2 protein chains.
Amino acid sequence: MSLAFDIGATDGAARTGVIRTPRGDIRTPAFMPLGTAGSVKAMLPESVRETGADIILGNTYHLMLRPGAERVARLGGLHKFMHWERPILTDSGGYQVMSLSDLRKITEEGVTFRSHIDGSEHFLSPERAMEIQRLLGSDIQMVLDECPAYPAAEGDIEKSLSLSMRWAKRSKAAFGGQPGRACFGIVQGGTFAHLRRRSAEDLLAIGFDGYAVGGLAVGESQDAMFDTLAATTPHMPQDRPRYLMGVGKPDDIAGAVLRGIDMFDCVLPTRSGRNGQAFTRQGALNLRNARFAEDPEPLDARCRCPACTHYSRAYLHHVVKAGEIIAAMLLTWHNLTYYQDLMADLRAAIAAGRTAAVAAGIAAAYARETAGN
Amino acid sequence: MSLAFDIGATDGAARTGVIRTPRGDIRTPAFMPLGTAGSVKAMLPESVRETGADIILGNTYHLMLRPGAERVARLGGLHKFMHWERPILTDSGGYQVMSLSDLRKITEEGVTFRSHIDGSEHFLSPERAMEIQRLLGSDIQMVLDECPAYPAAEGDIEKSLSLSMRWAKRSKAAFGGQPGRACFGIVQGGTFAHLRRRSAEDLLAIGFDGYAVGGLAVGESQDAMFDTLAATTPHMPQDRPRYLMGVGKPDDIAGAVLRGIDMFDCVLPTRSGRNGQAFTRQGALNLRNARFAEDPEPLDARCRCPACTHYSRAYLHHVVKAGEIIAAMLLTWHNLTYYQDLMADLRAAIAAGRTAAVAAGIAAAYARETAGN
């Protein structure tokens with residue numbers, strides 16, 4: 001396998017370890033901030049690293065449309081382009097094609113769509129998705145899959161899954177051999193345990209460096225997501241990283257770690273930060289709320305980020321209300337710090353054999369957070 | 001006088017020195033970035049300091065409306081509120097009342113206006129303007145003056161000037177004694193040399209810690225501005241700081257320094273940065289321009305800022321086009337660095353007796369910049 005994955009400790013299904021890449025280690029369970037269009041929004045890369053991130057995610061869909069994969073390659077690759085020398089995982093673009101683009105047409109060969117930016121027509125196939133990721137210089141490249149809408153009938157999920165598995169095979173072949181880089185397959189199958197199992201087995205037969213779970217957190221309940229994970233991860237290789245795509249809220253992550261997931265990405269900390277929302281250990285705060293207008297306390301007295309060490313809630317309320325860019329900068333920094341500290345807590349909990357208790361604590365805190373908003 | 005002003009060297013009318021305040025020294029000629037509403041837009045205060053800024057400017061008009069001066073005072077003052085412990089100069093609010101607010105009514109007592117934010121009615125008098133600045137904890141407080149529209153007839157300028165001089169007297173009385181803090185008068189009089197002289201003499205009779213020149217860069221030609229300065233600064237005390245309000249472009253600043261000005265503020269570097277414009281030693285660049293799409297060079301190879309040390313013009317073009325917040329962050333940082341380096345060059349030129357040559361070089365470069373855009 002291209003990347004070594006050293007599991008340091010397990011606690012039930014949960015595991016903590018290190019994925020070793022030529023660009024640096026990734027401590028797992030890991031949270032990957034979104035660097036969608038060549039920037040973790042409102043953050044300098046040095047600050048992203050300060051939060052504790054070992055790896056970020058880039059979006060193939062956004063980057064292929066602007067500035068274009070060939071252009072990024074000519075400029076020396078995505079790492080140099082965006083000044084982030086540590087690992088980058090790129091998705092395949094499939095999910096955004098389904099959710100963001102116009103006029104999609106899916107065939108066996110691939111998907112034709114129009115850019116949401118300028119209406120131009122583009123084609124994405126498994127081969128092209130892998131070529132783009134190679135051009136970007138991605139360290140962990142994802143196969144192209146089809147993402148069915150939720151809810152969907154079992155028959156539709158099965159049909160979509162079959163296409164995704166054929167695309168996975170073509171993606172792997174197109175990935176070829178890229179020393180020091182990895183290719184991950186994506187388990188699909190909706191909330192149907194037998195389809196998830198079949199998908200995992202199909203991917204295992206192809207052989208990947210890591211395995212993702214796709215198609216969750218698309219509208220199903222948290223219980224359904226956890227049940228699906230519990231029915232899926234036992235069929236994914238123990239010795240390879242497992243990545244739950246697009247998840248999630250703090251309690252989603254804690255529950256998924258309990259069920260054997262190693263990697264996560266989610267828009268929540270960055271997008272919430274730009275919307276005046278802060279995750280804290282005492283509850284989620286909406287900084288727009290007038291109750292913070294004269295609150296001299298920090299956002300979270302236990303947090304190490306600049307928003308918490310240098311500013312009051314009253315200041316953050318003011319800059320959110322005034323639409324100052326520093327509001328997005330400070331709250332994004334805080335939320336990413338919160339997420340990285342959450343992952344550090346989970347890693348420590350696994351090593352200490354206390355994962356279930358810590359995960360329950362996270363879920364309880366998040367329930368308080370939600371109620372407090 | 002409250003603040004010591006040590007002039008280290010002169011070169012013709014130009015001077016370089018240090019204004020000493022309890023919150024730190026201000027090297028002159030100085031450029032003050034705008035911290036309008038409690039934030040230098042798109043910058044953390046630590047980064048503002050890294051550019052070389054010794055002092056920033058806060059806007060009374062914006063802060064009185066939101067979050068409110070009394071609230072800032074209850075939260076410990078503006079320095080603590082916005083995490084900038086070095087000197088802050090605040091304007092009086094007069095200029096913004098004229099340019100931003102609705103339904104202004106000016107009487108001898110003061111000006112009544114409606115907030116541009118929520119339409120609420122407010123009253124600003126010389127006494128209230130000084131009270132607000134005291135509540136904010138401003139280190140250098142400006143008198144309230146009336147800012148006539150440009151162009152205006154001599155008679156109107158004279159009438160407005162007379163009101164401003166009566167308000168200056170009331171402002172000074174309201175300022176009272178605030179150890180370690182300064183109060184500056186503002187010379188008005190349009191482009192009429194005899195009115196400027198009368199205004200300067202009136203203010204000198206009242207007695208201020210420093211003297212500003214207001215009502216310039218409002219639409220008159222650069223020649224007219226320079227002529228007015230040349231006719232005004234000789235009537236301003238040699239031993240007190242002189243501040244040209246709201247100016248300006250690099251060549252405006254260089255020409256004003258030649259004519260004896262010590263302090264400047266301008267929205268240009270910060271606003272331009274948010275609009276994709278960069279000042280460089282080789283010319284002003286509009287990063288939206290497609291010619292930068294694959295330009296691997298830095299913005300300015302001689303610049304020390306993060307935008308220039310870590311990124312290509314191609315990257316900056318991309319993030320500007322994509323509307324990424326990092327574009328505003330990096331270009332603001334760059335432009336403020338450019339302005340601070342410009343001031344450092346001017347200070348060094350004065351000390352070396354080369355001010356005229358350096359100022360001419362700045363003007364020539366800026367003419368190239370303008371032509372290149």
# chains A, B, ... in the order shown; residues from 1 in each chain; ligands from 1
call {"tool": "interface_residues", "arguments": {"of": "chain B", "to": "chain A", "cutoff": "6 Å", "atoms": "only C-alpha atoms", "output": "VMD selection string"}}
result
chain B and resid 42 325 to 326
call {"tool": "write_last_selection", "arguments": {"atoms": "N, CA and C atoms", "output": "CSV table (one decimal), in the first residue's frame"}}
result
chain,number,residue,atom,x,y,z
B,42,ALA,N,-10.3,43.1,7.5
B,42,ALA,CA,-9.6,41.9,6.9
B,42,ALA,C,-8.3,41.7,7.6
B,325,ILE,N,-12.3,35.1,0.9
B,325,ILE,CA,-12.0,36.1,1.9
B,325,ILE,C,-10.5,36.3,2.0
B,326,ILE,N,-9.7,35.2,1.7
B,326,ILE,CA,-8.2,35.3,1.8
B,326,ILE,C,-7.7,36.4,0.8
call {"tool": "residues_around", "arguments": {"residues": "A:Leu100", "least_positions_apart": "5", "cutoff": "9 Å", "atoms": "only C-alpha atoms", "output": "list in words"}}
result
Tyr95, Ser115 and His116 of chain A
call {"tool": "residues_around", "arguments": {"residues": "stretch 25-34 of chain A", "least_positions_apart": "3", "cutoff": "6 Å", "atoms": "only C-alpha atoms", "output": "number ranges by chain"}}
result
A: 16-21, 40, 54-57, 262-265
call {"tool": "write_last_selection", "arguments": {"atoms": "C-alpha atoms", "output": "mmCIF file, in the first residue's frame"}}
result
data_model
loop_
_atom_site.group_PDB
_atom_site.id
_atom_site.type_symbol
_atom_site.label_atom_id
_atom_site.label_comp_id
_atom_site.auth_asym_id
_atom_site.auth_seq_id
_atom_site.Cartn_x
_atom_site.Cartn_y
_atom_site.Cartn_z
ATOM 1 C CA THR A 16 -6.380 5.849 16.952
ATOM 2 C CA GLY A 17 -3.229 5.929 14.874
ATOM 3 C CA VAL A 18 -1.187 7.721 12.271
ATOM 4 C CA ILE A 19 -1.382 7.732 8.485
ATOM 5 C CA ARG A 20 2.144 8.362 7.210
ATOM 6 C CA THR A 21 2.561 10.370 4.008
ATOM 7 C CA VAL A 40 -9.718 27.338 3.770
ATOM 8 C CA ASP A 54 -2.703 17.653 9.633
ATOM 9 C CA ILE A 55 -4.548 17.530 6.307
ATOM 10 C CA ILE A 56 -7.076 19.600 4.404
ATOM 11 C CA LEU A 57 -9.569 18.762 1.683
ATOM 12 C CA ASP A 262 -10.781 7.429 11.175
ATOM 13 C CA MET A 263 -11.262 10.508 8.973
ATOM 14 C CA PHE A 264 -13.841 13.253 8.601
ATOM 15 C CA ASP A 265 -14.524 16.404 6.658
#
call {"tool": "residues_around", "arguments": {"residues": "stretch 143-152 of chain B", "least_positions_apart": "6", "cutoff": "7 Å", "atoms": "only C-alpha atoms", "output": "JSON, numbers by chain"}}
result
{"B": [92, 94, 95, 126, 129, 160, 164, 167, 168, 171, 184, 185, 186, 215, 218, 219]}
call {"tool": "closest_residue", "arguments": {"among": "A:Met225, A:Thr270, A:Cys183, A:Met236", "to": "A:Thr36", "atoms": "only C-alpha atoms"}}
result
A:Thr270
call {"tool": "atom_distance", "arguments": {"atom1": "atom CA of B:Thr233", "atom2": "atom CA of B:Tyr61"}}
result
27.7 Å
call {"tool": "atom_distance", "arguments": {"atom1": "atom CA of B:Arg242", "atom2": "atom CA of B:Asp223"}}
result
19.5 Å
call {"tool": "residues_around", "arguments": {"residues": "A:Gln222", "least_positions_apart": "5", "cutoff": "10 Å", "atoms": "only C-alpha atoms", "output": "list in words"}}
result
Leu216, Ala217, Asp227, Thr228, Asp251, Asp252 and Gly255 of chain A
call {"tool": "write_last_selection", "arguments": {"atoms": "C-alpha atoms", "output": "mmCIF file, in the first residue's frame"}}
result
data_model
loop_
_atom_site.group_PDB
_atom_site.id
_atom_site.type_symbol
_atom_site.label_atom_id
_atom_site.label_comp_id
_atom_site.auth_asym_id
_atom_site.auth_seq_id
_atom_site.Cartn_x
_atom_site.Cartn_y
_atom_site.Cartn_z
ATOM 1 C CA LEU A 216 -24.558 9.454 4.543
ATOM 2 C CA ALA A 217 -25.585 12.651 6.355
ATOM 3 C CA ASP A 227 -26.846 1.855 12.236
ATOM 4 C CA THR A 228 -25.536 1.984 8.702
ATOM 5 C CA ASP A 251 -21.906 14.220 18.087
ATOM 6 C CA ASP A 252 -21.988 12.660 14.612
ATOM 7 C CA GLY A 255 -20.576 8.358 17.256
#
call {"tool": "residues_around", "arguments": {"residues": "B:Ala231", "least_positions_apart": "4", "cutoff": "8 Å", "atoms": "only C-alpha atoms", "output": "ChimeraX atom specification"}}
result
/B:193,196-197,227,235
call {"tool": "write_last_selection", "arguments": {"atoms": "N, CA and C atoms", "output": "PDB file, in the first residue's frame"}}
result
ATOM      1  N   ALA B 193      -5.958  80.570   0.530  1.00  0.00           N
ATOM      2  CA  ALA B 193      -4.781  80.696   1.393  1.00  0.00           C
ATOM      3  C   ALA B 193      -5.048  81.596   2.591  1.00  0.00           C
ATOM      4  N   ARG B 196      -7.129  79.731   5.160  1.00  0.00           N
ATOM      5  CA  ARG B 196      -6.308  78.720   5.833  1.00  0.00           C
ATOM      6  C   ARG B 196      -5.442  79.387   6.909  1.00  0.00           C
ATOM      7  N   ARG B 197      -4.860  80.522   6.530  1.00  0.00           N
ATOM      8  CA  ARG B 197      -3.995  81.219   7.481  1.00  0.00           C
ATOM      9  C   ARG B 197      -4.797  81.689   8.689  1.00  0.00           C
ATOM     10  N   ASP B 227      -0.602  73.436  -3.324  1.00  0.00           N
ATOM     11  CA  ASP B 227      -0.516  74.887  -3.141  1.00  0.00           C
ATOM     12  C   ASP B 227      -1.131  75.294  -1.804  1.00  0.00           C
ATOM     13  N   HIS B 235       2.038  78.450   8.668  1.00  0.00           N
ATOM     14  CA  HIS B 235       1.314  79.118   9.752  1.00  0.00           C
ATOM     15  C   HIS B 235       0.937  78.156  10.871  1.00  0.00           C
TER      16      HIS B 235
END
call {"tool": "select_by_dssp", "arguments": {"residues": "stretch 195-243 of chain B", "states": "alpha helix (DSSP H)", "output": "list in words"}}
result
Leu195, Arg196, Arg197, Arg198, Ser199, Ala200, Glu201, Asp202, Leu203, Leu204, Ala205, Ile206, Gln222, Asp223, Ala224, Met225, Phe226, Asp227, Thr228, Leu229, Ala230, Ala231 and Thr232 of chain B
call {"tool": "write_last_selection", "arguments": {"atoms": "N, CA and C atoms", "output": "CSV table (one decimal), in the first residue's frame"}}
result
chain,number,residue,atom,x,y,z
B,195,LEU,N,-7.8,82.2,4.1
B,195,LEU,CA,-8.7,81.6,5.1
B,195,LEU,C,-8.0,80.5,5.8
B,196,ARG,N,-7.1,79.7,5.2
B,196,ARG,CA,-6.3,78.7,5.8
B,196,ARG,C,-5.4,79.4,6.9
B,197,ARG,N,-4.9,80.5,6.5
B,197,ARG,CA,-4.0,81.2,7.5
B,197,ARG,C,-4.8,81.7,8.7
B,198,ARG,N,-6.0,82.3,8.4
B,198,ARG,CA,-6.8,82.8,9.5
B,198,ARG,C,-7.2,81.6,10.4
B,199,SER,N,-7.5,80.5,9.8
B,199,SER,CA,-7.9,79.3,10.6
B,199,SER,C,-6.8,78.8,11.5
B,200,ALA,N,-5.6,78.7,10.9
B,200,ALA,CA,-4.4,78.3,11.6
B,200,ALA,C,-4.2,79.2,12.8
B,201,GLU,N,-4.3,80.5,12.6
B,201,GLU,CA,-4.0,81.4,13.7
B,201,GLU,C,-5.1,81.4,14.8
B,202,ASP,N,-6.4,81.2,14.3
B,202,ASP,CA,-7.4,81.0,15.3
B,202,ASP,C,-7.2,79.8,16.2
B,203,LEU,N,-6.8,78.7,15.6
B,203,LEU,CA,-6.5,77.5,16.4
B,203,LEU,C,-5.3,77.6,17.3
B,204,LEU,N,-4.3,78.3,16.8
B,204,LEU,CA,-3.1,78.5,17.6
B,204,LEU,C,-3.4,79.3,18.8
B,205,ALA,N,-4.4,80.3,18.7
B,205,ALA,CA,-4.8,81.1,19.8
B,205,ALA,C,-5.5,80.2,20.9
B,206,ILE,N,-6.3,79.2,20.4
B,206,ILE,CA,-6.9,78.3,21.3
B,206,ILE,C,-5.9,77.4,22.0
B,222,GLN,N,-4.5,67.9,-7.5
B,222,GLN,CA,-3.3,67.7,-6.6
B,222,GLN,C,-2.5,69.0,-6.5
B,223,ASP,N,-2.4,69.7,-7.6
B,223,ASP,CA,-1.7,71.0,-7.6
B,223,ASP,C,-2.4,72.0,-6.6
B,224,ALA,N,-3.7,72.0,-6.6
B,224,ALA,CA,-4.4,72.9,-5.7
B,224,ALA,C,-4.2,72.5,-4.2
B,225,MET,N,-4.2,71.1,-4.0
B,225,MET,CA,-3.9,70.6,-2.7
B,225,MET,C,-2.5,71.0,-2.2
B,226,PHE,N,-1.5,70.8,-3.1
B,226,PHE,CA,-0.2,71.1,-2.7
B,226,PHE,C,0.0,72.6,-2.5
B,227,ASP,N,-0.6,73.4,-3.3
B,227,ASP,CA,-0.5,74.9,-3.1
B,227,ASP,C,-1.1,75.3,-1.8
B,228,THR,N,-2.3,74.7,-1.5
B,228,THR,CA,-2.9,75.0,-0.2
B,228,THR,C,-2.1,74.6,1.0
B,229,LEU,N,-1.5,73.4,0.9
B,229,LEU,CA,-0.6,73.0,1.9
B,229,LEU,C,0.6,73.9,2.1
B,230,ALA,N,1.2,74.3,1.0
B,230,ALA,CA,2.4,75.2,1.0
B,230,ALA,C,2.0,76.6,1.6
B,231,ALA,N,0.7,77.0,1.5
B,231,ALA,CA,0.3,78.2,2.0
B,231,ALA,C,-0.2,78.1,3.5
B,232,THR,N,-0.3,76.9,3.9
B,232,THR,CA,-0.9,76.6,5.2
B,232,THR,C,0.1,76.2,6.3
call {"tool": "residues_around", "arguments": {"residues": "A:Thr280", "least_positions_apart": "3", "cutoff": "9 Å", "atoms": "only C-alpha atoms", "output": "number ranges by chain"}}
result
A: 283-285, 299-300, 303, 334-335, 338, 369
call {"tool": "write_last_selection", "arguments": {"atoms": "C-alpha atoms", "output": "PDB file, in the first residue's frame"}}
result
ATOM      1  CA  GLY A 283     -22.916  25.197  24.074  1.00  0.00           C
ATOM      2  CA  ALA A 284     -23.173  26.529  20.543  1.00  0.00           C
ATOM      3  CA  LEU A 285     -23.461  30.305  20.466  1.00  0.00           C
ATOM      4  CA  LEU A 299     -16.293  32.787  23.772  1.00  0.00           C
ATOM      5  CA  ASP A 300     -14.825  29.782  25.612  1.00  0.00           C
ATOM      6  CA  CYS A 303     -10.065  27.610  24.228  1.00  0.00           C
ATOM      7  CA  HIS A 334     -12.257  29.280  16.748  1.00  0.00           C
ATOM      8  CA  ASN A 335     -14.512  26.637  15.209  1.00  0.00           C
ATOM      9  CA  TYR A 338     -12.834  23.447  18.519  1.00  0.00           C
ATOM     10  CA  GLU A 369     -25.659  23.404  22.559  1.00  0.00           C
TER      11      GLU A 369
END
call {"tool": "atom_distance", "arguments": {"atom1": "atom CA of A:Ala13", "atom2": "atom CA of A:Ala348"}}
result
15.0 Å
call {"tool": "select_by_dssp", "arguments": {"residues": "stretch 127-349 of chain A", "states": "strand (DSSP E or B)", "output": "ChimeraX atom specification"}}
result
/A:140-142,182-187,210-213,242-244,263-265,277-278,285-286
